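Encoded as structure tokens, the structure appears first; notes follow it.
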Amino acid sequence: MVRTQIASRGIRDQRVLDAMSRIPRHHFVSGVRTFEAYGDFPLSIGHGQTISQPYMVALMTEELHLRGEERVLEIGTGSGYQTALLAELAQIVYTVELIPALTKRTQKLLNELGYANVVYRIGDGSEGWDKHGPYDRILVAAAAPTIPRPLTTQLADNGILVIPVGDSRHYQILLVVRRIGNRFDTRESISCRFVPLVQKHSAY
Ligand code: SAH
């Protein structure tokens, strides 16, 4: 998977490639044959949600430029696959999920797999998680029409936010936002397709 879908498409961060080689993706999906868990596509994780395509997980993670010291906020815990990758590459991961059953399942799995640097919350991630901010990195795994304001507020100076933005059913683009003081430098990465971020807050 790492060689044919990820390195071959230009992901160069060796720490990302190594960590994805280690994480047993088939533990994060159920009801499919083991090899299908490593396929080049998203898969259902129940509750109308999906585990992201491996390449998308790799790209979003590479965009965060993690070195191991960072405090990371993740919105959309889902299966916990992305959470595990962040936990391998950063110091601590705060992860927020709206659907309690997903948090429960993921927390159990990540505990079994030995990830001790993850803090879980059930709630609306479009409000961020003010209590533990500011965050060096924020990764959002569901698409919003615009960037929820609390997320930029909770991003540390020099921090990076990765978020898919756009109409939930049609066009979405992955945005990479770097905060420099009170300026937010925004770059468009690739087009993508995520489940919608259920949210109260919108606008920059
Ligand atoms: N990274 C996950 C992606 C799961 S799909 C994985 O690869 O498994 C996106 C997740 O975002 C879903 O689990 C969905 O329930 C969750 N979600 C949607 N809106 C949310 C919100 N406002 N706050 C927190 N989680 C949300």
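Starting from 1 in every chain, residues are counted up; chains themselves are A, B, ... following the order of the structure tokens, and ligands are numbered from 1 as listed.
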
Which residues form the shell of 9 Å around ligand 1 when you count only C-alpha atoms and all ligand atoms, given as a PyMOL selection string?
chain A and resi 28-29+42-54+57+74-83+95-100+102-103+121-128+140-144+194-200

Residues of chain A classed as strand (DSSP E or B) by DSSP on the backbone are to be reported as a PyMOL selection string.
chain A and resi 43-46+49-51+71-75+92-97+118-122+135-140+143-144+155-166+172-180+183-192+196

Neighbour list for Leu151 (chain A) as a list in words, cut-off 8 Å, only C-alpha atoms, skip fewer than 2 positions in-chain:
Ser126, Glu127, Gly128, Ile138, Ile147, Pro148, Arg149, Thr153, Gln154 and Leu155 of chain A

Store the residues of this selection in a file with N, CA, C and O atoms, as a PDB file, in the first residue's frame.
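To be explicit, this is the file written out as again-v1.pdb:
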```pdb
ATOM      1  N   SER A 126     -16.447  21.449  15.315  1.00  0.00           N
ATOM      2  CA  SER A 126     -16.403  22.747  14.618  1.00  0.00           C
ATOM      3  C   SER A 126     -16.176  23.872  15.632  1.00  0.00           C
ATOM      4  O   SER A 126     -15.853  24.991  15.260  1.00  0.00           O
ATOM      5  N   GLU A 127     -16.329  23.553  16.896  1.00  0.00           N
ATOM      6  CA  GLU A 127     -16.010  24.533  17.945  1.00  0.00           C
ATOM      7  C   GLU A 127     -14.581  24.362  18.452  1.00  0.00           C
ATOM      8  O   GLU A 127     -14.170  25.023  19.404  1.00  0.00           O
ATOM      9  N   GLY A 128     -13.840  23.439  17.834  1.00  0.00           N
ATOM     10  CA  GLY A 128     -12.484  23.153  18.299  1.00  0.00           C
ATOM     11  C   GLY A 128     -12.532  22.492  19.666  1.00  0.00           C
ATOM     12  O   GLY A 128     -13.502  21.809  20.010  1.00  0.00           O
ATOM     13  N   ILE A 138      -3.714  21.453  13.334  1.00  0.00           N
ATOM     14  CA  ILE A 138      -5.117  21.033  13.391  1.00  0.00           C
ATOM     15  C   ILE A 138      -5.434  20.313  12.088  1.00  0.00           C
ATOM     16  O   ILE A 138      -5.126  20.817  11.003  1.00  0.00           O
ATOM     17  N   ILE A 147     -14.119  27.635   6.639  1.00  0.00           N
ATOM     18  CA  ILE A 147     -13.347  27.232   7.824  1.00  0.00           C
ATOM     19  C   ILE A 147     -14.042  27.738   9.092  1.00  0.00           C
ATOM     20  O   ILE A 147     -14.275  28.940   9.224  1.00  0.00           O
ATOM     21  N   PRO A 148     -14.379  26.848  10.020  1.00  0.00           N
ATOM     22  CA  PRO A 148     -15.001  27.300  11.266  1.00  0.00           C
ATOM     23  C   PRO A 148     -14.047  28.221  12.038  1.00  0.00           C
ATOM     24  O   PRO A 148     -12.888  27.876  12.256  1.00  0.00           O
ATOM     25  N   ARG A 149     -14.557  29.370  12.445  1.00  0.00           N
ATOM     26  CA  ARG A 149     -13.706  30.368  13.093  1.00  0.00           C
ATOM     27  C   ARG A 149     -12.956  29.863  14.334  1.00  0.00           C
ATOM     28  O   ARG A 149     -11.771  30.186  14.523  1.00  0.00           O
ATOM     29  N   THR A 153      -8.854  30.439  15.465  1.00  0.00           N
ATOM     30  CA  THR A 153      -8.559  31.080  16.751  1.00  0.00           C
ATOM     31  C   THR A 153      -7.678  30.179  17.617  1.00  0.00           C
ATOM     32  O   THR A 153      -6.790  30.654  18.323  1.00  0.00           O
ATOM     33  N   GLN A 154      -7.907  28.881  17.541  1.00  0.00           N
ATOM     34  CA  GLN A 154      -7.178  27.945  18.405  1.00  0.00           C
ATOM     35  C   GLN A 154      -5.873  27.449  17.777  1.00  0.00           C
ATOM     36  O   GLN A 154      -5.172  26.614  18.357  1.00  0.00           O
ATOM     37  N   LEU A 155      -5.543  27.963  16.599  1.00  0.00           N
ATOM     38  CA  LEU A 155      -4.284  27.588  15.941  1.00  0.00           C
ATOM     39  C   LEU A 155      -3.154  28.475  16.473  1.00  0.00           C
ATOM     40  O   LEU A 155      -3.272  29.700  16.495  1.00  0.00           O
TER      41      LEU A 155
END
```

Report as a ChimeraX atom specification all protein, DNA and RNA residues lying within 10 Å of Leu17 (chain A), evaluated on only C-alpha atoms, omitting residues in the same chain fewer than 5 positions from it.
/A:2-3,6-7,11-12,22,58,62

Excluding Leu139 (chain A) and any residue of its chain fewer than 4 positions from it, enumerate the residues within 9 Å of it, using only C-alpha atoms, and give them as a list in words.
Met60, Thr61, Leu64, Val72, Leu73, Glu74, Ile75, Gly76, Ile160, Leu161, Val162 and Ile163 of chain A

Those residues with N, CA, C and O atoms, as an mmCIF file, in the first residue's frame please?
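Output below, filename out-v3.cif:
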```
data_model
loop_
_atom_site.group_PDB
_atom_site.id
_atom_site.type_symbol
_atom_site.label_atom_id
_atom_site.label_comp_id
_atom_site.auth_asym_id
_atom_site.auth_seq_id
_atom_site.Cartn_x
_atom_site.Cartn_y
_atom_site.Cartn_z
ATOM 1 N N MET A 60 -2.562 14.546 3.828
ATOM 2 C CA MET A 60 -2.932 15.495 4.890
ATOM 3 C C MET A 60 -1.878 15.503 5.990
ATOM 4 O O MET A 60 -1.527 16.544 6.537
ATOM 5 N N THR A 61 -1.360 14.318 6.301
ATOM 6 C CA THR A 61 -0.363 14.222 7.369
ATOM 7 C C THR A 61 0.948 14.853 6.931
ATOM 8 O O THR A 61 1.577 15.588 7.706
ATOM 9 N N LEU A 64 1.205 18.508 7.353
ATOM 10 C CA LEU A 64 1.352 19.023 8.723
ATOM 11 C C LEU A 64 2.812 19.166 9.151
ATOM 12 O O LEU A 64 3.098 19.801 10.170
ATOM 13 N N VAL A 72 -1.448 18.315 18.683
ATOM 14 C CA VAL A 72 -2.304 18.265 17.497
ATOM 15 C C VAL A 72 -3.770 18.132 17.894
ATOM 16 O O VAL A 72 -4.107 17.342 18.782
ATOM 17 N N LEU A 73 -4.620 18.898 17.223
ATOM 18 C CA LEU A 73 -6.073 18.740 17.363
ATOM 19 C C LEU A 73 -6.598 18.072 16.102
ATOM 20 O O LEU A 73 -6.320 18.530 14.988
ATOM 21 N N GLU A 74 -7.329 16.963 16.286
ATOM 22 C CA GLU A 74 -7.948 16.282 15.147
ATOM 23 C C GLU A 74 -9.466 16.361 15.285
ATOM 24 O O GLU A 74 -10.013 16.058 16.344
ATOM 25 N N ILE A 75 -10.129 16.759 14.207
ATOM 26 C CA ILE A 75 -11.596 16.798 14.217
ATOM 27 C C ILE A 75 -12.109 15.675 13.322
ATOM 28 O O ILE A 75 -11.780 15.620 12.127
ATOM 29 N N GLY A 76 -12.933 14.789 13.892
ATOM 30 C CA GLY A 76 -13.447 13.638 13.142
ATOM 31 C C GLY A 76 -12.605 12.403 13.406
ATOM 32 O O GLY A 76 -11.902 11.905 12.538
ATOM 33 N N ILE A 160 -0.196 25.033 11.633
ATOM 34 C CA ILE A 160 -0.744 24.631 10.330
ATOM 35 C C ILE A 160 -2.092 23.942 10.532
ATOM 36 O O ILE A 160 -2.223 23.071 11.399
ATOM 37 N N LEU A 161 -3.056 24.353 9.713
ATOM 38 C CA LEU A 161 -4.396 23.747 9.713
ATOM 39 C C LEU A 161 -4.644 23.121 8.348
ATOM 40 O O LEU A 161 -4.417 23.759 7.322
ATOM 41 N N VAL A 162 -5.086 21.860 8.339
ATOM 42 C CA VAL A 162 -5.437 21.193 7.077
ATOM 43 C C VAL A 162 -6.917 20.842 7.135
ATOM 44 O O VAL A 162 -7.362 20.179 8.080
ATOM 45 N N ILE A 163 -7.667 21.300 6.136
ATOM 46 C CA ILE A 163 -9.121 21.113 6.180
ATOM 47 C C ILE A 163 -9.713 21.059 4.766
ATOM 48 O O ILE A 163 -9.370 21.887 3.917
#
```

Near Cys192 (chain A), counting only C-alpha atoms, which residues have an atom at most 8 Å away, once you skip same-chain residues fewer than 5 positions from it, shown as a list in words?
Pro164, Tyr171, Gln172, Ile173 and Leu174 of chain A

Spatial neighbours of Asn158 (chain A), max dist 9 Å, only C-alpha atoms, sep filter under 5 positions, as a compact mmCIF listing (two decimals) with all heavy atoms, in the first residue's frame:
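Resulting contents of part-v2.txt:
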```txt
# COMPACT_ATOMS: atom_id res chain seq x y z
N ASP A 136 -0.50 23.36 17.75
CA ASP A 136 0.52 23.56 16.70
C ASP A 136 0.00 23.10 15.35
O ASP A 136 0.41 23.63 14.31
CB ASP A 136 1.78 22.76 17.03
CG ASP A 136 2.32 23.13 18.40
OD1 ASP A 136 2.52 24.33 18.64
OD2 ASP A 136 2.52 22.22 19.25
N ARG A 178 -1.51 28.30 7.03
CA ARG A 178 -0.45 28.54 8.02
C ARG A 178 -0.70 29.88 8.69
O ARG A 178 -0.94 30.88 8.03
CB ARG A 178 0.93 28.51 7.38
CG ARG A 178 2.04 28.65 8.43
CD ARG A 178 3.40 28.69 7.80
NE ARG A 178 3.94 27.37 7.50
CZ ARG A 178 4.66 26.63 8.36
NH1 ARG A 178 4.91 27.07 9.57
NH2 ARG A 178 5.15 25.47 8.01
N ARG A 179 -0.65 29.87 10.01
CA ARG A 179 -0.85 31.12 10.76
C ARG A 179 0.49 31.79 10.99
O ARG A 179 1.41 31.19 11.55
CB ARG A 179 -1.51 30.82 12.10
CG ARG A 179 -1.67 32.08 12.93
CD ARG A 179 -2.49 31.87 14.17
NE ARG A 179 -2.89 33.17 14.68
CZ ARG A 179 -3.85 33.37 15.55
NH1 ARG A 179 -4.52 32.35 16.04
NH2 ARG A 179 -4.15 34.58 15.95
N ILE A 180 0.57 33.05 10.58
CA ILE A 180 1.76 33.84 10.86
C ILE A 180 1.27 35.11 11.54
O ILE A 180 0.71 35.99 10.89
CB ILE A 180 2.54 34.15 9.57
CG1 ILE A 180 2.96 32.84 8.90
CG2 ILE A 180 3.76 35.03 9.86
CD1 ILE A 180 3.19 32.92 7.43
N GLY A 181 1.41 35.14 12.86
CA GLY A 181 0.82 36.24 13.64
C GLY A 181 -0.69 36.18 13.47
O GLY A 181 -1.31 35.16 13.74
```

Quick one: pull the distance between CA of Ser21 (chain A) and CA of Gln91 (chain A), Å, one decimal.
19.5 Å

Counting only C-alpha atoms, closest pick from A:Gln14, A:Gln107, A:Thr34, A:Gln5 relative to His65 (chain A) is A:Gln14
